[in-house]
$ cat coords.cif   # mmCIF, C-alpha atoms
data_model
#
loop_
_atom_site.label_atom_id
_atom_site.label_comp_id
_atom_site.auth_asym_id
_atom_site.auth_seq_id
_atom_site.Cartn_x
_atom_site.Cartn_y
_atom_site.Cartn_z
CA GLU A 1 4.74 -13.25 -4.01
CA SER A 2 7.95 -11.21 -3.88
CA ASN A 3 9.74 -13.38 -6.43
CA ILE A 4 6.69 -13.41 -8.69
CA SER A 5 6.51 -9.59 -8.48
CA LYS A 6 10.16 -9.25 -9.48
CA ARG A 7 9.70 -11.55 -12.49
CA ILE A 8 6.55 -9.72 -13.57
CA MET A 9 8.28 -6.34 -13.23
CA LEU A 10 11.19 -7.53 -15.33
CA ALA A 11 8.91 -8.99 -18.02
CA LEU A 12 6.65 -5.93 -18.25
CA SER A 13 9.52 -3.44 -18.11
CA LYS A 14 10.26 -4.26 -21.75
CA SER A 15 7.11 -2.38 -22.80
CA CYS A 16 5.93 -0.49 -19.69
CA ARG A 17 7.11 1.68 -16.82
CA ILE A 18 6.30 -0.34 -13.71
CA PHE A 19 6.85 0.34 -10.01
CA ARG A 20 6.30 -1.50 -6.75
CA ASN A 21 3.42 0.02 -4.74
CA ASN A 22 3.90 -0.88 -1.08
CA VAL A 23 0.67 -0.26 0.79
CA GLY A 24 0.80 -0.27 4.54
CA LEU A 25 0.81 1.54 7.84
CA PHE A 26 3.66 2.00 10.26
CA THR A 27 4.30 3.91 13.45
CA THR A 28 7.35 6.17 13.74
CA ASN A 29 9.50 6.32 16.87
CA THR A 30 7.55 9.45 17.84
CA GLY A 31 4.25 7.54 17.68
CA ALA A 32 3.02 9.11 14.45
CA LYS A 33 1.15 6.76 12.14
CA VAL A 34 2.20 6.90 8.47
CA LYS A 35 0.26 5.34 5.60
CA THR A 36 2.17 4.26 2.48
CA GLY A 37 1.01 3.41 -1.04
CA LEU A 38 -1.83 4.76 -3.14
CA CYS A 39 -4.87 3.54 -1.21
CA LYS A 40 -6.33 0.48 0.45
CA GLY A 41 -6.76 -2.22 -2.20
CA SER A 42 -4.41 -0.61 -4.73
CA SER A 43 -2.39 -3.04 -6.81
CA ASP A 44 1.09 -4.33 -5.97
CA LEU A 45 2.53 -2.97 -9.19
CA ILE A 46 1.56 0.29 -10.85
CA GLY A 47 2.81 2.23 -13.83
CA TRP A 48 1.86 3.00 -17.38
CA HIS A 49 2.00 1.67 -20.91
CA THR A 50 2.56 4.21 -23.69
CA VAL A 51 0.25 3.97 -26.68
CA GLU A 52 0.68 5.90 -29.90
CA ILE A 53 -2.53 7.44 -31.09
CA THR A 54 -3.38 6.73 -34.71
CA PRO A 55 -2.51 9.33 -37.39
CA ASP A 56 -6.10 10.50 -37.60
CA MET A 57 -5.72 11.40 -33.91
CA ILE A 58 -2.70 13.66 -34.53
CA GLY A 59 -0.06 10.98 -33.82
CA LYS A 60 0.41 11.84 -30.15
CA LYS A 61 1.30 9.30 -27.50
CA ILE A 62 -0.59 8.76 -24.28
CA GLY A 63 0.20 6.78 -21.16
CA ILE A 64 -2.40 4.30 -20.02
CA PHE A 65 -2.43 3.66 -16.26
CA LEU A 66 -1.39 0.10 -15.47
CA ALA A 67 -2.12 -1.82 -12.25
CA VAL A 68 -1.09 -5.43 -11.63
CA GLU A 69 -2.18 -7.29 -8.51
CA VAL A 70 0.35 -10.08 -7.91
CA LYS A 71 -0.85 -13.31 -6.35
CA SER A 72 0.74 -16.67 -5.68
CA SER A 73 -0.85 -19.76 -7.20
CA LYS A 74 -3.15 -20.04 -4.16
CA GLY A 75 -3.53 -16.34 -3.36
CA ARG A 76 -6.91 -14.64 -3.50
CA ALA A 77 -7.64 -10.99 -4.17
CA SER A 78 -9.49 -9.08 -1.46
CA LYS A 79 -12.75 -7.24 -2.11
CA ASP A 80 -10.82 -3.92 -2.01
CA GLN A 81 -8.27 -5.23 -4.54
CA LEU A 82 -11.00 -6.42 -6.91
CA ASN A 83 -12.75 -3.05 -6.58
CA PHE A 84 -9.51 -1.18 -7.39
CA ARG A 85 -8.95 -3.40 -10.46
CA ASP A 86 -12.51 -2.85 -11.65
CA LYS A 87 -12.37 0.94 -11.16
CA VAL A 88 -9.09 1.23 -13.09
CA ASN A 89 -10.54 -0.80 -16.00
CA GLU A 90 -13.82 1.21 -15.95
CA ALA A 91 -11.80 4.44 -16.17
CA GLY A 92 -9.94 3.26 -19.28
CA GLY A 93 -6.80 1.98 -17.57
CA ILE A 94 -5.41 -1.54 -17.65
CA ALA A 95 -5.67 -3.61 -14.47
CA PHE A 96 -5.50 -7.34 -13.85
CA ILE A 97 -4.39 -10.07 -11.46
CA ALA A 98 -1.31 -12.10 -12.44
CA ARG A 99 0.31 -15.17 -10.93
CA SER A 100 3.37 -15.29 -13.21
CA ASP A 101 5.38 -13.18 -15.62
CA SER A 102 3.96 -15.02 -18.64
CA GLU A 103 0.40 -14.54 -17.41
CA ALA A 104 1.08 -10.81 -16.90
CA GLN A 105 2.49 -10.46 -20.43
CA ASN A 106 -0.48 -12.36 -21.91
CA LYS A 107 -3.05 -10.29 -20.02
CA LEU A 108 -1.34 -7.03 -21.02
CA SER A 109 -1.30 -8.14 -24.67
CA GLU A 110 -5.01 -9.07 -24.49
CA LYS A 111 -5.91 -5.69 -22.99
CA LEU A 112 -3.89 -3.83 -25.63
CA GLU A 113 -5.49 -5.84 -28.43
CA GLY A 114 -8.87 -4.84 -26.98
CA LEU A 115 -7.90 -1.18 -27.34
CA SER A 116 -7.18 -1.50 -31.04
CA ASP A 117 -10.45 -3.41 -31.57
CA ALA A 118 -12.50 -0.62 -29.97
#
$ encode --input "coords.cif" --output "structure tokens"
Amino acid sequence: ESNISKRIMLALSKSCRIFRNNVGLFTTNTGAKVKTGLCKGSSDLIGWHTVEITPDMIGKKIGIFLAVEVKSSKGRASKDQLNFRDKVNEAGGIAFIARSDSEAQNKLSEKLEGLSDA
């Protein structure tokens, strides 16, 4: 999935700010446990897509939270990952699962078209 993530990041970076979100747990040499990443189930890639509000909304721009769960062709999302995706979408963000850069671009475009249709 690492190569897929890199290709998706490159493709989406043309219109979004996107970052790798490494989630995990490690033990330091002193025995302390350190958690990394946002939370259990959070997406592999996170960031935002800037949207310009229409003139009747004062012409300001807003950033919409973006979360992309990267999976190989055979990979399956966990229950926690599906829950994170659903919660981001319910809150007005954009979240989806992608298996390639072209799929990520298509899903982002579909989500953005849905915003203008609302």
$ resolve_selection --input "coords.cif" --expression "the PyMOL selection byres ((chain A and resi 1) around 10)" --output "ChimeraX atom specification"
/A:2-7,44,70-73,75,99-100
$ write_last_selection --input "coords.cif" --atoms "C-alpha atoms" --output "short mmCIF file (atom, residue, chain, number, x, y, z; two decimals), keeping the file's coordinate frame"
data_model
loop_
_atom_site.label_atom_id
_atom_site.label_comp_id
_atom_site.auth_asym_id
_atom_site.auth_seq_id
_atom_site.Cartn_x
_atom_site.Cartn_y
_atom_site.Cartn_z
CA SER A 2 7.95 -11.21 -3.88
CA ASN A 3 9.74 -13.38 -6.43
CA ILE A 4 6.69 -13.41 -8.69
CA SER A 5 6.51 -9.59 -8.48
CA LYS A 6 10.16 -9.25 -9.48
CA ARG A 7 9.70 -11.55 -12.49
CA ASP A 44 1.09 -4.33 -5.97
CA VAL A 70 0.35 -10.08 -7.91
CA LYS A 71 -0.85 -13.31 -6.35
CA SER A 72 0.74 -16.67 -5.68
CA SER A 73 -0.85 -19.76 -7.20
CA GLY A 75 -3.53 -16.34 -3.36
CA ARG A 99 0.31 -15.17 -10.93
CA SER A 100 3.37 -15.29 -13.21
#
$ resolve_selection --input "coords.cif" --expression "the PyMOL selection byres ((chain A and resi 64) around 6)" --output "PyMOL selection string"
chain A and resi 48-49+63+65+93
$ resolve_selection --input "coords.cif" --expression "the PyMOL selection byres ((chain A and resi 83) around 12)" --output "PyMOL selection string"
chain A and resi 39-43+69+77-82+84-90+95-97
$ write_last_selection --input "coords.cif" --atoms "C-alpha atoms" --output "mmCIF file, in the frame of the given file"
data_model
loop_
_atom_site.group_PDB
_atom_site.id
_atom_site.type_symbol
_atom_site.label_atom_id
_atom_site.label_comp_id
_atom_site.auth_asym_id
_atom_site.auth_seq_id
_atom_site.Cartn_x
_atom_site.Cartn_y
_atom_site.Cartn_z
ATOM 1 C CA CYS A 39 -4.870 3.540 -1.210
ATOM 2 C CA LYS A 40 -6.330 0.480 0.450
ATOM 3 C CA GLY A 41 -6.760 -2.220 -2.200
ATOM 4 C CA SER A 42 -4.410 -0.610 -4.730
ATOM 5 C CA SER A 43 -2.390 -3.040 -6.810
ATOM 6 C CA GLU A 69 -2.180 -7.290 -8.510
ATOM 7 C CA ALA A 77 -7.640 -10.990 -4.170
ATOM 8 C CA SER A 78 -9.490 -9.080 -1.460
ATOM 9 C CA LYS A 79 -12.750 -7.240 -2.110
ATOM 10 C CA ASP A 80 -10.820 -3.920 -2.010
ATOM 11 C CA GLN A 81 -8.270 -5.230 -4.540
ATOM 12 C CA LEU A 82 -11.000 -6.420 -6.910
ATOM 13 C CA PHE A 84 -9.510 -1.180 -7.390
ATOM 14 C CA ARG A 85 -8.950 -3.400 -10.460
ATOM 15 C CA ASP A 86 -12.510 -2.850 -11.650
ATOM 16 C CA LYS A 87 -12.370 0.940 -11.160
ATOM 17 C CA VAL A 88 -9.090 1.230 -13.090
ATOM 18 C CA ASN A 89 -10.540 -0.800 -16.000
ATOM 19 C CA GLU A 90 -13.820 1.210 -15.950
ATOM 20 C CA ALA A 95 -5.670 -3.610 -14.470
ATOM 21 C CA PHE A 96 -5.500 -7.340 -13.850
ATOM 22 C CA ILE A 97 -4.390 -10.070 -11.460
#
$ closest_residue --input "coords.cif" --among "A:Thr54, A:Lys60, A:Asn21, A:Ala32" --to "Leu115 of chain A" --atoms "only C-alpha atoms"
A:Thr54
$ atom_distance --input "coords.cif" --atom1 "atom CA of Glu52 of chain A" --atom2 "atom CA of Gly37 of chain A"
29.0 Å
$ residues_near_point --input "coords.cif" --point "(0.6, 2.0, 4.6)" --cutoff "7 Å" --atoms "all atoms listed in the file" --output "list in words"
Val23, Gly24, Leu25, Phe26, Val34, Lys35, Thr36 and Gly37 of chain A
$ residues_around --input "coords.cif" --residues "Phe19 of chain A" --least-positions-apart "3" --cutoff "10 Å" --atoms "only C-alpha atoms" --output "list in words"
Met9, Ser13, Cys16, Asn22, Asp44, Leu45, Ile46, Gly47, Trp48, Leu66, Ala67 and Val68 of chain A
$ atom_distance --input "coords.cif" --atom1 "atom CA of Lys111 of chain A" --atom2 "atom CA of Ile94 of chain A"
6.8 Å
$ atom_distance --input "coords.cif" --atom1 "atom CA of Ile62 of chain A" --atom2 "atom CA of Ser102 of chain A"
24.9 Å
$ closest_residue --input "coords.cif" --among "A:Thr27, A:Arg76, A:Gln105, A:Leu112" --to "Ile8 of chain A" --atoms "only C-alpha atoms"
A:Gln105
$ decode --input "coords.cif" --residues "segment 55-67 of chain A" --atoms "all heavy atoms" --output "CSV table (one decimal), in the first residue's frame"
chain,number,residue,atom,x,y,z
A,55,PRO,N,-20.3,33.9,-4.1
A,55,PRO,CA,-20.4,35.3,-3.8
A,55,PRO,C,-21.5,35.7,-2.8
A,55,PRO,O,-21.3,36.6,-1.9
A,55,PRO,CB,-20.7,35.9,-5.1
A,55,PRO,CG,-20.1,35.0,-6.1
A,55,PRO,CD,-20.3,33.6,-5.5
A,56,ASP,N,-22.6,35.0,-2.8
A,56,ASP,CA,-23.7,35.3,-1.9
A,56,ASP,C,-23.3,34.8,-0.5
A,56,ASP,O,-24.0,35.1,0.5
A,56,ASP,CB,-25.0,34.7,-2.3
A,56,ASP,CG,-25.0,33.2,-2.4
A,56,ASP,OD1,-24.3,32.7,-3.4
A,56,ASP,OD2,-25.6,32.5,-1.6
A,57,MET,N,-22.2,34.2,-0.3
A,57,MET,CA,-21.7,33.8,1.0
A,57,MET,C,-20.4,34.5,1.3
A,57,MET,O,-19.5,34.0,2.0
A,57,MET,CB,-21.5,32.2,1.0
A,57,MET,CG,-22.8,31.5,0.8
A,57,MET,SD,-22.5,29.7,0.7
A,57,MET,CE,-22.3,29.3,2.4
A,58,ILE,N,-20.3,35.7,0.8
A,58,ILE,CA,-19.2,36.6,1.1
A,58,ILE,C,-17.9,36.3,0.4
A,58,ILE,O,-16.9,36.9,0.6
A,58,ILE,CB,-19.0,36.8,2.6
A,58,ILE,CG1,-20.3,37.1,3.3
A,58,ILE,CG2,-18.1,38.0,2.9
A,58,ILE,CD1,-20.3,37.1,4.8
A,59,GLY,N,-17.8,35.3,-0.4
A,59,GLY,CA,-16.6,35.0,-1.2
A,59,GLY,C,-15.4,34.5,-0.4
A,59,GLY,O,-14.3,34.5,-0.9
A,60,LYS,N,-15.6,34.0,0.8
A,60,LYS,CA,-14.5,33.4,1.6
A,60,LYS,C,-14.2,32.0,1.3
A,60,LYS,O,-15.1,31.3,0.7
A,60,LYS,CB,-14.9,33.5,3.1
A,60,LYS,CG,-15.0,34.9,3.6
A,60,LYS,CD,-14.9,35.0,5.1
A,60,LYS,CE,-14.9,36.5,5.5
A,60,LYS,NZ,-14.7,36.6,6.9
A,61,LYS,N,-13.0,31.6,1.6
A,61,LYS,CA,-12.7,30.2,1.3
A,61,LYS,C,-12.7,29.4,2.6
A,61,LYS,O,-12.4,29.9,3.7
A,61,LYS,CB,-11.3,30.1,0.7
A,61,LYS,CG,-11.2,30.7,-0.7
A,61,LYS,CD,-9.8,30.6,-1.2
A,61,LYS,CE,-9.7,31.2,-2.6
A,61,LYS,NZ,-8.4,31.1,-3.2
A,62,ILE,N,-13.0,28.1,2.5
A,62,ILE,CA,-13.0,27.2,3.7
A,62,ILE,C,-12.2,26.0,3.3
A,62,ILE,O,-12.1,25.6,2.2
A,62,ILE,CB,-14.4,26.9,4.2
A,62,ILE,CG1,-15.2,26.1,3.1
A,62,ILE,CG2,-15.1,28.1,4.7
A,62,ILE,CD1,-16.4,25.5,3.6
A,63,GLY,N,-11.6,25.4,4.3
A,63,GLY,CA,-10.9,24.1,4.1
A,63,GLY,C,-11.9,23.0,4.5
A,63,GLY,O,-12.4,23.0,5.6
A,64,ILE,N,-12.0,22.0,3.7
A,64,ILE,CA,-12.9,20.8,4.0
A,64,ILE,C,-11.9,19.7,4.4
A,64,ILE,O,-11.0,19.3,3.6
A,64,ILE,CB,-13.8,20.4,2.8
A,64,ILE,CG1,-14.7,21.6,2.5
A,64,ILE,CG2,-14.5,19.2,3.2
A,64,ILE,CD1,-15.5,21.3,1.3
A,65,PHE,N,-12.1,19.1,5.6
A,65,PHE,CA,-11.3,18.0,6.0
A,65,PHE,C,-11.3,16.9,5.0
A,65,PHE,O,-12.4,16.5,4.6
A,65,PHE,CB,-11.7,17.5,7.4
A,65,PHE,CG,-10.8,16.5,8.0
A,65,PHE,CD1,-9.6,16.8,8.6
A,65,PHE,CD2,-11.2,15.2,8.0
A,65,PHE,CE1,-8.8,15.9,9.1
A,65,PHE,CE2,-10.4,14.2,8.5
A,65,PHE,CZ,-9.1,14.5,9.1
A,66,LEU,N,-10.2,16.3,4.7
A,66,LEU,CA,-10.1,15.2,3.8
A,66,LEU,C,-9.4,14.0,4.4
A,66,LEU,O,-8.4,14.2,5.1
A,66,LEU,CB,-9.3,15.7,2.6
A,66,LEU,CG,-8.9,14.6,1.5
A,66,LEU,CD1,-10.2,14.1,0.8
A,66,LEU,CD2,-8.0,15.3,0.5
A,67,ALA,N,-10.0,12.8,4.3
A,67,ALA,CA,-9.4,11.6,4.8
A,67,ALA,C,-9.5,10.5,3.7
A,67,ALA,O,-10.6,10.2,3.2
A,67,ALA,CB,-10.1,11.2,6.1
